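Structure, as structure tokens:
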Amino acid sequence: MKTCPRFTRIRADFERDIHYLRNHADRHQGTAPAKTSARNALGTKQRMAEALTRHYSHCPECG
């Protein structure tokens, strides 16, 4: 699948956020903020999928 640089940038930004949230959850296991970070990481992953799908369907270079 050939994608444009914007697709790559969107994906990298989301992956950076997900990585940060998961690391926070791992460092502070068992605490309320860790559980919130883990939940936010899942939500961010879903938003990434939606954003990439939306981009891919509208971008003439990707599609």
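Going through the structure tokens in order, the chains are called A, B, and so on, while each chain numbers its residues from 1 and the ligands are numbered from 1 in the order shown.
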Exercise for review: Mind checking which residues fall within 7 Å of Glu61 in chain A, counting only C-alpha atoms, ignoring those fewer than 2 positions away in the same chain, and posting them as a VMD selection string?
Suggested key: chain A and resid 3 to 4 59 63
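Counting only C-alpha atoms, His24 in chain A has the following residues at most 12 Å away, ignoring those fewer than 5 positions along the same chain: Asp17, Ile18, His19, Gln29, Gly30, Thr31, Ala32, Pro33, Ala34, Lys35, Thr36, Ser37, Ala38, Arg39, Asn40 and Ala41 of chain A.
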Would you mind exporting all heavy atoms of the selected residues as an mmCIF file, in the first residue's frame?
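Saved result, part-v6.cif, follows:
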data_model
loop_
_atom_site.group_PDB
_atom_site.id
_atom_site.type_symbol
_atom_site.label_atom_id
_atom_site.label_comp_id
_atom_site.auth_asym_id
_atom_site.auth_seq_id
_atom_site.Cartn_x
_atom_site.Cartn_y
_atom_site.Cartn_z
ATOM 1 N N ASP A 17 1.675 9.450 20.654
ATOM 2 C CA ASP A 17 0.760 9.666 21.771
ATOM 3 C C ASP A 17 0.395 8.348 22.456
ATOM 4 O O ASP A 17 0.362 8.269 23.687
ATOM 5 C CB ASP A 17 -0.513 10.371 21.298
ATOM 6 C CG ASP A 17 -0.257 11.796 20.838
ATOM 7 O OD1 ASP A 17 0.825 12.340 21.163
ATOM 8 O OD2 ASP A 17 -1.132 12.356 20.154
ATOM 9 N N ILE A 18 0.120 7.320 21.659
ATOM 10 C CA ILE A 18 -0.234 6.014 22.216
ATOM 11 C C ILE A 18 0.928 5.449 23.019
ATOM 12 O O ILE A 18 0.745 4.922 24.120
ATOM 13 C CB ILE A 18 -0.654 5.048 21.090
ATOM 14 C CG1 ILE A 18 -1.975 5.501 20.477
ATOM 15 C CG2 ILE A 18 -0.774 3.616 21.615
ATOM 16 C CD1 ILE A 18 -2.319 4.816 19.170
ATOM 17 N N HIS A 19 2.137 5.578 22.478
ATOM 18 C CA HIS A 19 3.333 5.077 23.163
ATOM 19 C C HIS A 19 3.509 5.791 24.507
ATOM 20 O O HIS A 19 3.795 5.152 25.526
ATOM 21 C CB HIS A 19 4.552 5.294 22.266
ATOM 22 C CG HIS A 19 5.807 4.731 22.794
ATOM 23 N ND1 HIS A 19 6.026 3.374 22.896
ATOM 24 C CD2 HIS A 19 6.928 5.328 23.261
ATOM 25 C CE1 HIS A 19 7.226 3.178 23.403
ATOM 26 N NE2 HIS A 19 7.785 4.350 23.632
ATOM 27 N N GLN A 29 1.562 1.226 37.353
ATOM 28 C CA GLN A 29 0.559 0.161 37.384
ATOM 29 C C GLN A 29 -0.234 0.153 38.685
ATOM 30 O O GLN A 29 0.308 0.363 39.764
ATOM 31 C CB GLN A 29 1.228 -1.195 37.211
ATOM 32 C CG GLN A 29 1.685 -1.466 35.811
ATOM 33 C CD GLN A 29 2.307 -2.849 35.676
ATOM 34 O OE1 GLN A 29 2.653 -3.481 36.658
ATOM 35 N NE2 GLN A 29 2.454 -3.287 34.449
ATOM 36 N N GLY A 30 -1.525 -0.111 38.547
ATOM 37 C CA GLY A 30 -2.396 -0.244 39.703
ATOM 38 C C GLY A 30 -2.987 1.054 40.218
ATOM 39 O O GLY A 30 -3.853 1.028 41.089
ATOM 40 N N THR A 31 -2.553 2.173 39.708
ATOM 41 C CA THR A 31 -3.091 3.448 40.176
ATOM 42 C C THR A 31 -4.210 3.912 39.245
ATOM 43 O O THR A 31 -4.320 3.464 38.103
ATOM 44 C CB THR A 31 -1.998 4.536 40.232
ATOM 45 O OG1 THR A 31 -1.535 4.784 38.899
ATOM 46 C CG2 THR A 31 -0.834 4.115 41.103
ATOM 47 N N ALA A 32 -5.009 4.812 39.737
ATOM 48 C CA ALA A 32 -6.108 5.346 38.936
ATOM 49 C C ALA A 32 -5.600 6.080 37.681
ATOM 50 O O ALA A 32 -6.155 5.892 36.596
ATOM 51 C CB ALA A 32 -6.982 6.263 39.776
ATOM 52 N N PRO A 33 -4.548 6.906 37.789
ATOM 53 C CA PRO A 33 -4.050 7.565 36.577
ATOM 54 C C PRO A 33 -3.535 6.570 35.527
ATOM 55 O O PRO A 33 -3.677 6.805 34.328
ATOM 56 C CB PRO A 33 -2.911 8.447 37.080
ATOM 57 C CG PRO A 33 -3.237 8.708 38.498
ATOM 58 C CD PRO A 33 -3.895 7.457 38.989
ATOM 59 N N ALA A 34 -2.973 5.456 35.970
ATOM 60 C CA ALA A 34 -2.493 4.449 35.026
ATOM 61 C C ALA A 34 -3.652 3.813 34.282
ATOM 62 O O ALA A 34 -3.582 3.571 33.075
ATOM 63 C CB ALA A 34 -1.683 3.385 35.751
ATOM 64 N N LYS A 35 -4.726 3.550 34.998
ATOM 65 C CA LYS A 35 -5.903 2.960 34.356
ATOM 66 C C LYS A 35 -6.509 3.933 33.351
ATOM 67 O O LYS A 35 -6.941 3.538 32.262
ATOM 68 C CB LYS A 35 -6.932 2.562 35.404
ATOM 69 C CG LYS A 35 -6.456 1.415 36.283
ATOM 70 C CD LYS A 35 -7.425 1.121 37.395
ATOM 71 C CE LYS A 35 -6.852 0.057 38.324
ATOM 72 N NZ LYS A 35 -7.695 -0.186 39.481
ATOM 73 N N THR A 36 -6.514 5.207 33.705
ATOM 74 C CA THR A 36 -7.024 6.222 32.800
ATOM 75 C C THR A 36 -6.142 6.324 31.559
ATOM 76 O O THR A 36 -6.649 6.419 30.439
ATOM 77 C CB THR A 36 -7.096 7.593 33.512
ATOM 78 O OG1 THR A 36 -7.948 7.467 34.642
ATOM 79 C CG2 THR A 36 -7.613 8.668 32.588
ATOM 80 N N SER A 37 -4.830 6.270 31.735
ATOM 81 C CA SER A 37 -3.913 6.331 30.595
ATOM 82 C C SER A 37 -4.098 5.135 29.676
ATOM 83 O O SER A 37 -4.074 5.274 28.453
ATOM 84 C CB SER A 37 -2.461 6.392 31.065
ATOM 85 O OG SER A 37 -2.179 7.636 31.624
ATOM 86 N N ALA A 38 -4.284 3.961 30.243
ATOM 87 C CA ALA A 38 -4.499 2.760 29.431
ATOM 88 C C ALA A 38 -5.795 2.882 28.632
ATOM 89 O O ALA A 38 -5.843 2.530 27.449
ATOM 90 C CB ALA A 38 -4.527 1.531 30.325
ATOM 91 N N ARG A 39 -6.822 3.396 29.259
ATOM 92 C CA ARG A 39 -8.104 3.591 28.579
ATOM 93 C C ARG A 39 -7.974 4.646 27.481
ATOM 94 O O ARG A 39 -8.506 4.481 26.378
ATOM 95 C CB ARG A 39 -9.163 4.021 29.602
ATOM 96 C CG ARG A 39 -10.564 3.705 29.195
ATOM 97 C CD ARG A 39 -11.599 3.962 30.301
ATOM 98 N NE ARG A 39 -11.154 3.553 31.630
ATOM 99 C CZ ARG A 39 -11.003 4.392 32.674
ATOM 100 N NH1 ARG A 39 -11.277 5.667 32.543
ATOM 101 N NH2 ARG A 39 -10.602 3.944 33.841
ATOM 102 N N ASN A 40 -7.256 5.718 27.776
ATOM 103 C CA ASN A 40 -7.041 6.765 26.777
ATOM 104 C C ASN A 40 -6.222 6.249 25.595
ATOM 105 O O ASN A 40 -6.431 6.682 24.462
ATOM 106 C CB ASN A 40 -6.353 7.975 27.403
ATOM 107 C CG ASN A 40 -7.281 8.774 28.277
ATOM 108 O OD1 ASN A 40 -8.497 8.642 28.186
ATOM 109 N ND2 ASN A 40 -6.715 9.595 29.141
ATOM 110 N N ALA A 41 -5.279 5.352 25.858
ATOM 111 C CA ALA A 41 -4.483 4.774 24.774
ATOM 112 C C ALA A 41 -5.374 3.985 23.821
ATOM 113 O O ALA A 41 -5.200 4.051 22.597
ATOM 114 C CB ALA A 41 -3.377 3.884 25.338
#
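CA of Arg9 in chain A to CA of His28 in chain A spans 29.1 Å [interatomic distance, one decimal].
The smallest atom-to-atom distance between Pro5 in chain A and any of A:Cys62, A:Ala51, A:Leu21, A:Leu42, using only C-alpha atoms, is found for A:Cys62.
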Study note, to complete from the structure: Students should find that CA of Phe14 in chain A and CA of Pro60 in chain A are spaced 21.8 Å
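The nearest approach to Arg16 in chain A among the residues A:Thr53, A:His58, A:Lys45, A:Lys2, with only C-alpha atoms taken into account, belongs to A:Lys45.
Relative to CA of Phe7 in chain A, CA of Tyr56 in chain A is found at 7.6 Å.
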Practice item. Could you tell me, as a count of residues only, which residues of chain A DSSP assigns to helix (DSSP H, G or I) when given the backbone? Key: 50
